[in-house]
file input-v5.csv (CSV, C-alpha atoms and all ligand atoms)
chain,number,residue,atom,x,y,z
A,1,MET,CA,0.0,0.0,0.0
A,2,LYS,CA,1.3,3.4,-0.8
A,3,LEU,CA,2.6,5.7,1.9
A,4,PHE,CA,-0.2,8.2,1.2
A,5,ASN,CA,-2.9,5.7,1.9
A,6,TRP,CA,-1.3,4.6,5.2
A,7,LEU,CA,-1.2,8.2,6.3
A,8,GLN,CA,-4.9,8.6,5.5
A,9,ILE,CA,-5.8,5.5,7.5
A,10,CYS,CA,-3.7,6.7,10.5
A,11,LEU,CA,-5.4,10.1,10.4
A,12,ILE,CA,-8.9,8.5,10.4
A,13,VAL,CA,-8.0,6.2,13.3
A,14,LEU,CA,-6.6,9.2,15.2
A,15,CYS,CA,-9.7,11.2,14.7
A,16,LEU,CA,-12.0,8.3,15.7
A,17,THR,CA,-9.9,7.8,18.9
A,18,MET,CA,-10.2,11.5,19.8
A,19,ILE,CA,-14.0,11.5,19.2
A,20,LEU,CA,-14.3,8.4,21.4
A,21,LEU,CA,-12.1,9.8,24.2
A,22,ALA,CA,-14.0,13.1,24.0
A,23,GLY,CA,-17.2,11.2,24.6
A,24,CYS,CA,-15.7,9.7,27.7
A,25,VAL,CA,-14.9,13.1,29.3
A,26,SER,CA,-17.5,14.1,31.9
A,27,LYS,CA,-19.0,17.6,32.0
A,28,SER,CA,-17.2,18.4,35.2
A,29,GLU,CA,-13.9,17.3,33.7
A,30,TYR,CA,-14.6,19.3,30.6
A,31,GLU,CA,-15.3,22.4,32.6
A,32,ALA,CA,-12.1,21.8,34.6
A,33,LEU,CA,-10.1,21.6,31.4
A,34,GLN,CA,-11.7,24.8,30.2
A,35,ALA,CA,-10.8,26.6,33.4
A,36,GLU,CA,-7.2,25.3,33.2
A,37,ASN,CA,-6.9,26.5,29.6
A,38,ALA,CA,-8.3,29.9,30.6
A,39,ALA,CA,-5.7,30.1,33.4
A,40,LEU,CA,-2.9,29.2,31.1
A,41,LEU,CA,-4.1,31.8,28.6
A,42,ASP,CA,-4.1,34.5,31.3
A,43,GLU,CA,-0.7,33.5,32.4
A,44,ASN,CA,0.6,33.7,28.9
A,45,GLU,CA,-0.9,37.1,28.5
A,46,PHE,CA,0.9,38.2,31.6
A,47,LEU,CA,4.1,36.7,30.4
A,48,LYS,CA,3.7,38.3,27.0
A,49,ALA,CA,3.2,41.7,28.6
A,50,ASP,CA,6.4,41.1,30.7
A,51,TYR,CA,8.3,40.0,27.6
A,52,ASP,CA,7.1,43.1,25.6
A,53,GLU,CA,8.3,45.3,28.4
A,54,LEU,CA,11.6,43.6,28.7
A,55,LYS,CA,12.1,43.7,24.9
A,56,ALA,CA,11.4,47.5,24.9
A,57,SER,CA,14.0,48.0,27.7
A,58,TYR,CA,16.6,46.3,25.5
A,59,GLU,CA,15.6,48.1,22.4
A,60,ALA,CA,15.7,51.6,23.9
A,61,PRO,CA,19.5,51.7,24.4
A,62,ASP,CA,20.0,50.3,20.9
A,63,THR,CA,17.7,52.8,19.4
A,64,TYR,CA,19.6,55.6,21.0
A,65,LEU,CA,23.2,54.3,20.4
A,66,SER,CA,22.5,53.4,16.8
A,67,SER,CA,20.6,56.7,16.0
A,68,GLY,CA,23.8,58.6,15.1
A,69,LYS,CA,22.5,61.4,17.4
A,70,ALA,CA,25.2,63.9,18.5
A,71,PRO,CA,26.2,63.2,22.1
A,72,ASN,CA,27.6,66.6,22.9
A,73,ILE,CA,27.0,70.3,22.4
A,74,SER,CA,29.9,72.7,22.7
A,75,ALA,CA,29.8,75.8,25.0
A,76,GLU,CA,30.0,77.9,21.9
A,77,GLU,CA,27.0,76.3,20.3
A,78,LEU,CA,25.0,76.6,23.5
A,79,TYR,CA,25.9,80.2,24.0
A,80,GLU,CA,24.8,81.0,20.4
A,81,ILE,CA,21.5,79.3,20.9
A,82,LEU,CA,20.8,81.1,24.2
A,83,TYR,CA,21.8,84.5,23.0
A,84,ASP,CA,20.4,84.6,19.5
A,85,ASP,CA,17.4,86.8,20.6
A,86,ASN,CA,15.1,83.9,19.9
A,87,PRO,CA,13.8,82.4,23.2
A,88,ASP,CA,11.7,79.8,21.3
A,89,ASN,CA,14.8,77.7,20.4
A,90,ASN,CA,16.3,77.7,23.9
A,91,PRO,CA,16.9,74.2,25.4
A,92,PHE,CA,16.0,73.2,28.9
A,93,ILE,CA,19.3,73.4,30.8
A,94,LEU,CA,19.9,70.8,33.6
A,95,SER,CA,22.8,71.3,36.0
A,96,VAL,CA,23.6,67.9,37.7
A,97,ARG,CA,26.3,69.5,39.9
A,98,SER,CA,25.9,69.8,43.6
A,99,HIS,CA,23.8,72.6,45.1
A,100,GLU,CA,27.0,74.1,46.4
A,101,TYR,CA,28.5,74.5,43.0
A,102,TYR,CA,25.2,75.5,41.4
A,103,GLU,CA,25.0,78.4,43.9
A,104,LYS,CA,28.6,79.4,43.1
A,105,GLY,CA,27.6,80.0,39.5
A,106,HIS,CA,25.5,78.4,36.9
A,107,ILE,CA,24.4,78.8,33.3
A,108,PRO,CA,21.5,81.3,33.1
A,109,GLY,CA,18.1,79.5,33.3
A,110,ALA,CA,19.6,76.2,34.5
A,111,ILE,CA,17.7,74.0,36.8
A,112,ASN,CA,19.7,72.1,39.4
A,113,THR,CA,19.2,68.4,40.2
A,114,PRO,CA,22.4,66.7,41.5
A,115,TRP,CA,23.1,63.7,39.4
A,116,GLN,CA,22.4,61.3,42.2
A,117,GLN,CA,18.8,62.5,42.2
A,118,VAL,CA,18.1,62.8,38.5
A,119,ALA,CA,16.5,59.3,38.1
A,120,LYS,CA,14.0,59.8,40.9
A,121,GLU,CA,10.5,59.7,39.6
A,122,TRP,CA,9.5,63.2,40.7
A,123,ASN,CA,12.7,64.7,39.1
A,124,LEU,CA,12.1,62.9,35.9
A,125,ALA,CA,8.6,64.1,35.8
A,126,MET,CA,9.8,67.7,35.9
A,127,LEU,CA,11.9,67.3,32.7
A,128,PRO,CA,10.3,68.1,29.4
A,129,LYS,CA,9.9,65.5,26.7
A,130,ASP,CA,9.1,68.0,23.9
A,131,ARG,CA,12.3,70.1,24.3
A,132,GLN,CA,16.0,69.4,24.1
A,133,ILE,CA,17.7,69.1,27.5
A,134,VAL,CA,21.3,70.2,27.8
A,135,VAL,CA,22.9,68.4,30.7
A,136,TYR,CA,26.0,69.8,32.3
A,137,CYS,CA,28.3,68.9,35.2
A,138,TRP,CA,31.9,69.8,36.0
A,139,THR,CA,33.8,68.5,33.1
A,140,GLY,CA,31.2,66.6,31.1
A,141,HIS,CA,31.9,63.1,32.3
A,142,ILE,CA,29.0,62.5,34.7
A,143,ALA,CA,26.6,64.6,32.5
A,144,SER,CA,27.4,62.4,29.5
A,145,GLN,CA,26.2,59.4,31.5
A,146,ILE,CA,23.1,61.2,32.6
A,147,THR,CA,22.5,62.2,29.0
A,148,ALA,CA,22.6,58.6,27.8
A,149,LEU,CA,20.3,57.6,30.6
A,150,LEU,CA,17.8,60.3,29.7
A,151,ASN,CA,17.8,59.5,26.0
A,152,ILE,CA,17.1,55.8,26.8
A,153,LEU,CA,14.2,57.0,28.9
A,154,GLY,CA,12.8,58.9,26.0
A,155,TYR,CA,14.1,62.4,26.5
A,156,ASP,CA,16.0,64.5,24.0
A,157,ALA,CA,19.2,65.1,26.0
A,158,ILE,CA,22.6,66.3,25.0
A,159,ASN,CA,25.8,66.7,27.0
A,160,LEU,CA,27.6,70.0,27.4
A,161,LYS,CA,31.1,69.1,26.2
A,162,PHE,CA,33.7,69.8,28.9
A,163,GLY,CA,30.9,70.9,31.2
A,164,MET,CA,31.2,74.0,33.3
A,165,THR,CA,35.0,74.2,32.7
A,166,SER,CA,34.2,75.2,29.1
A,167,TRP,CA,31.5,77.7,30.0
A,168,THR,CA,33.6,79.8,32.4
A,169,ILE,CA,37.2,80.6,33.3
A,170,ASN,CA,36.2,81.3,36.9
A,171,LYS,CA,38.4,78.9,38.8
A,172,ASP,CA,36.2,79.0,41.9
A,173,ILE,CA,33.2,77.7,39.9
A,174,ALA,CA,35.1,75.3,37.6
A,175,PRO,CA,38.6,74.6,38.7
A,176,GLY,CA,40.9,72.1,37.0
A,177,ARG,CA,40.3,73.0,33.3
A,178,TYR,CA,43.3,71.4,31.5
A,179,GLU,CA,43.2,73.4,28.2
A,180,GLU,CA,41.9,76.7,29.4
A,181,ALA,CA,43.5,78.7,26.6
A,182,ASN,CA,41.8,76.6,23.9
A,183,ASP,CA,38.4,75.7,25.3
A,184,SER,CA,37.3,77.8,28.2
A,185,HIS,CA,35.1,80.9,27.9
A,186,ASN,CA,33.9,83.7,30.0
A,187,TYR,CA,30.2,83.3,29.3
A,188,PRO,CA,27.4,84.7,31.5
A,189,LEU,CA,26.8,83.2,35.0
A,190,VAL,CA,24.0,83.5,37.5
A,191,ILE,CA,25.3,83.4,41.1
A,192,GLY,CA,23.3,81.8,43.9
A,193,GLY,CA,19.7,80.6,44.1
A,194,ILE,CA,18.4,77.1,43.6
A,195,GLU,CA,15.9,77.1,40.8
A,196,VAL,CA,13.4,74.3,41.4
A,197,PRO,CA,10.5,73.9,38.9
A,198,GLU,CA,7.0,73.0,40.0
A,199,CYS,CA,7.0,69.3,40.8
A,200,PRO,CA,3.8,67.4,39.7
A,201,VAL,CA,4.5,64.1,41.5
A,202,CYS,CA,6.6,65.0,44.5
A,203,PRO,CA,6.3,62.5,47.4
B,301,CA,CA,17.6,81.3,21.6

call {"tool": "encode", "arguments": {"input": "input-v5.csv", "output": "structure tokens", "more": "lines below"}}
Ligand SMILES: [Ca+2]
result
Amino acid sequence: MKLFNWLQICLIVLCLTMILLAGCVSKSEYEALQAENAALLDENEFLKADYDELKASYEAPDTYLSSGKAPNISAEELYEILYDDNPDNNPFILSVRSHEYYEKGHIPGAINTPWQQVAKEWNLAMLPKDRQIVVYCWTGHIASQITALLNILGYDAINLKFGMTSWTINKDIAPGRYEEANDSHNYPLVIGGIEVPECPVCP
């Protein structure tokens, strides 16, 4: 007998067996099976949601790192944007230095959140998602990490290259600049005051 015919016979026998077995299942057993299947489905839906969330958390860094987006803005570029007589294109400026150094002198309009506090829910809620955020610290090292973190979280952030040491030549505010003659500027500063925006979800 040809192989095709054998397969047909096997399928028919299998179907008959399933019909007979189904006939032997009581109503209560059938309902229990239905409940079990429903529970499995719910569990899978839950797992699927977890998987989707996990997948998104892996994709966000890749999306940012492979975007080709510039990681830094120079002090010269920031100065030009801030003082071009067009307030509409001004970025949100985030100082992640300590309160002490923020009070010594900061970039005009900057908001201060020390880097250790940036990822707190209530601080993130204060940052705009529809506006570029320039992040600055002392030399740009810590701010570049905060910049990457904010981009992964969906913000449009960019690091101030060389940080405050490039914005000012004031040694009290930004000591330790290693190429002052080439990169440091004497741009405007605001002394004192902690500017804290309205917090929508503060604990
Ligand atoms: Ca401007």

call {"tool": "closest_residue", "arguments": {"input": "input-v5.csv", "among": "A:Gln116, A:Ser66, A:Asn123, A:Thr165", "to": "Gly140 in chain A", "atoms": "all atoms listed in the file"}}
result
A:Thr165

call {"tool": "atom_distance", "arguments": {"input": "input-v5.csv", "atom1": "CA of Ile158 in chain A", "atom2": "CA of Glu103 in chain A"}}
result
22.6 Å

call {"tool": "residues_near_ligand", "arguments": {"input": "input-v5.csv", "ligand": "ligand CA 301 (chain B)", "cutoff": "9 Å", "atoms": "all atoms listed in the file", "output": "MDAnalysis selection string"}}
result
chainID A and resid 78:91

call {"tool": "residues_around", "arguments": {"input": "input-v5.csv", "residues": "range 146-154 of chain A", "least_positions_apart": "4", "cutoff": "7 Å", "atoms": "all atoms listed in the file", "output": "list in words"}}
result
Ala60, Pro61, Tyr64, Val135, Ile142, Ile158 and Asn159 of chain A

call {"tool": "atom_distance", "arguments": {"input": "input-v5.csv", "atom1": "CA of Gly109 in chain A", "atom2": "CA of Pro188 in chain A"}}
result
10.8 Å

call {"tool": "atom_distance", "arguments": {"input": "input-v5.csv", "atom1": "CA of His106 in chain A", "atom2": "CA of Glu76 in chain A"}}
result
15.7 Å

call {"tool": "residues_around", "arguments": {"input": "input-v5.csv", "residues": "Thr168 in chain A", "least_positions_apart": "5", "cutoff": "7 Å", "atoms": "only C-alpha atoms", "output": "MDAnalysis selection string"}}
result
chainID A and resid 184:187

call {"tool": "write_last_selection", "arguments": {"input": "input-v5.csv", "atoms": "C-alpha atoms", "output": "PDB file, in the coordinates of the input"}}
result
ATOM      1  CA  SER A 184      37.300  77.800  28.200  1.00  0.00           C
ATOM      2  CA  HIS A 185      35.100  80.900  27.900  1.00  0.00           C
ATOM      3  CA  ASN A 186      33.900  83.700  30.000  1.00  0.00           C
ATOM      4  CA  TYR A 187      30.200  83.300  29.300  1.00  0.00           C
TER       5      TYR A 187
END

call {"tool": "residues_around", "arguments": {"input": "input-v5.csv", "residues": "Val190 in chain A", "least_positions_apart": "6", "cutoff": "8 Å", "atoms": "only C-alpha atoms", "output": "ChimeraX atom specification"}}
result
/A:105-108

call {"tool": "residues_around", "arguments": {"input": "input-v5.csv", "residues": "Lys129 in chain A", "least_positions_apart": "4", "cutoff": "9 Å", "atoms": "only C-alpha atoms", "output": "PyMOL selection string"}}
result
chain A and resi 133+154-156

call {"tool": "decode", "arguments": {"input": "input-v5.csv", "residues": "range 26-116 of chain A", "atoms": "C-alpha atoms", "output": "short mmCIF file (atom, residue, chain, number, x, y, z; two decimals), in the first residue's frame"}}
result
data_model
loop_
_atom_site.label_atom_id
_atom_site.label_comp_id
_atom_site.auth_asym_id
_atom_site.auth_seq_id
_atom_site.Cartn_x
_atom_site.Cartn_y
_atom_site.Cartn_z
CA SER A 26 -17.55 14.11 31.85
CA LYS A 27 -19.02 17.56 31.96
CA SER A 28 -17.16 18.45 35.15
CA GLU A 29 -13.86 17.27 33.67
CA TYR A 30 -14.56 19.29 30.55
CA GLU A 31 -15.26 22.40 32.61
CA ALA A 32 -12.08 21.83 34.63
CA LEU A 33 -10.10 21.58 31.40
CA GLN A 34 -11.67 24.80 30.19
CA ALA A 35 -10.76 26.57 33.42
CA GLU A 36 -7.21 25.27 33.19
CA ASN A 37 -6.88 26.49 29.63
CA ALA A 38 -8.26 29.90 30.60
CA ALA A 39 -5.72 30.15 33.43
CA LEU A 40 -2.90 29.20 31.07
CA LEU A 41 -4.08 31.84 28.62
CA ASP A 42 -4.15 34.48 31.35
CA GLU A 43 -0.66 33.46 32.44
CA ASN A 44 0.61 33.69 28.89
CA GLU A 45 -0.94 37.12 28.45
CA PHE A 46 0.85 38.20 31.62
CA LEU A 47 4.13 36.71 30.43
CA LYS A 48 3.66 38.28 27.04
CA ALA A 49 3.25 41.72 28.63
CA ASP A 50 6.40 41.10 30.67
CA TYR A 51 8.26 40.03 27.55
CA ASP A 52 7.13 43.10 25.62
CA GLU A 53 8.28 45.35 28.44
CA LEU A 54 11.62 43.57 28.69
CA LYS A 55 12.10 43.74 24.94
CA ALA A 56 11.38 47.48 24.94
CA SER A 57 13.96 48.02 27.69
CA TYR A 58 16.58 46.30 25.53
CA GLU A 59 15.57 48.14 22.37
CA ALA A 60 15.69 51.64 23.89
CA PRO A 61 19.49 51.71 24.39
CA ASP A 62 20.03 50.26 20.92
CA THR A 63 17.70 52.83 19.37
CA TYR A 64 19.64 55.65 21.01
CA LEU A 65 23.16 54.30 20.42
CA SER A 66 22.52 53.44 16.78
CA SER A 67 20.64 56.66 16.01
CA GLY A 68 23.75 58.64 15.13
CA LYS A 69 22.53 61.42 17.39
CA ALA A 70 25.24 63.86 18.50
CA PRO A 71 26.15 63.17 22.13
CA ASN A 72 27.64 66.58 22.85
CA ILE A 73 27.03 70.27 22.35
CA SER A 74 29.90 72.72 22.73
CA ALA A 75 29.80 75.75 24.99
CA GLU A 76 30.04 77.95 21.88
CA GLU A 77 26.99 76.29 20.31
CA LEU A 78 24.98 76.56 23.52
CA TYR A 79 25.92 80.20 23.95
CA GLU A 80 24.84 81.01 20.39
CA ILE A 81 21.45 79.33 20.91
CA LEU A 82 20.84 81.07 24.24
CA TYR A 83 21.82 84.53 23.01
CA ASP A 84 20.39 84.61 19.49
CA ASP A 85 17.42 86.78 20.57
CA ASN A 86 15.08 83.88 19.94
CA PRO A 87 13.81 82.38 23.20
CA ASP A 88 11.73 79.81 21.31
CA ASN A 89 14.76 77.66 20.44
CA ASN A 90 16.30 77.70 23.91
CA PRO A 91 16.90 74.25 25.37
CA PHE A 92 16.02 73.20 28.89
CA ILE A 93 19.27 73.36 30.84
CA LEU A 94 19.88 70.82 33.58
CA SER A 95 22.77 71.25 36.00
CA VAL A 96 23.61 67.95 37.66
CA ARG A 97 26.28 69.49 39.87
CA SER A 98 25.91 69.81 43.64
CA HIS A 99 23.78 72.59 45.10
CA GLU A 100 26.99 74.12 46.43
CA TYR A 101 28.54 74.52 43.00
CA TYR A 102 25.24 75.50 41.42
CA GLU A 103 25.05 78.41 43.86
CA LYS A 104 28.62 79.43 43.15
CA GLY A 105 27.63 80.04 39.54
CA HIS A 106 25.46 78.38 36.90
CA ILE A 107 24.40 78.82 33.31
CA PRO A 108 21.50 81.29 33.12
CA GLY A 109 18.15 79.48 33.26
CA ALA A 110 19.62 76.19 34.45
CA ILE A 111 17.68 73.98 36.82
CA ASN A 112 19.67 72.11 39.45
CA THR A 113 19.24 68.44 40.19
CA PRO A 114 22.37 66.72 41.53
CA TRP A 115 23.14 63.69 39.39
CA GLN A 116 22.41 61.26 42.22
#
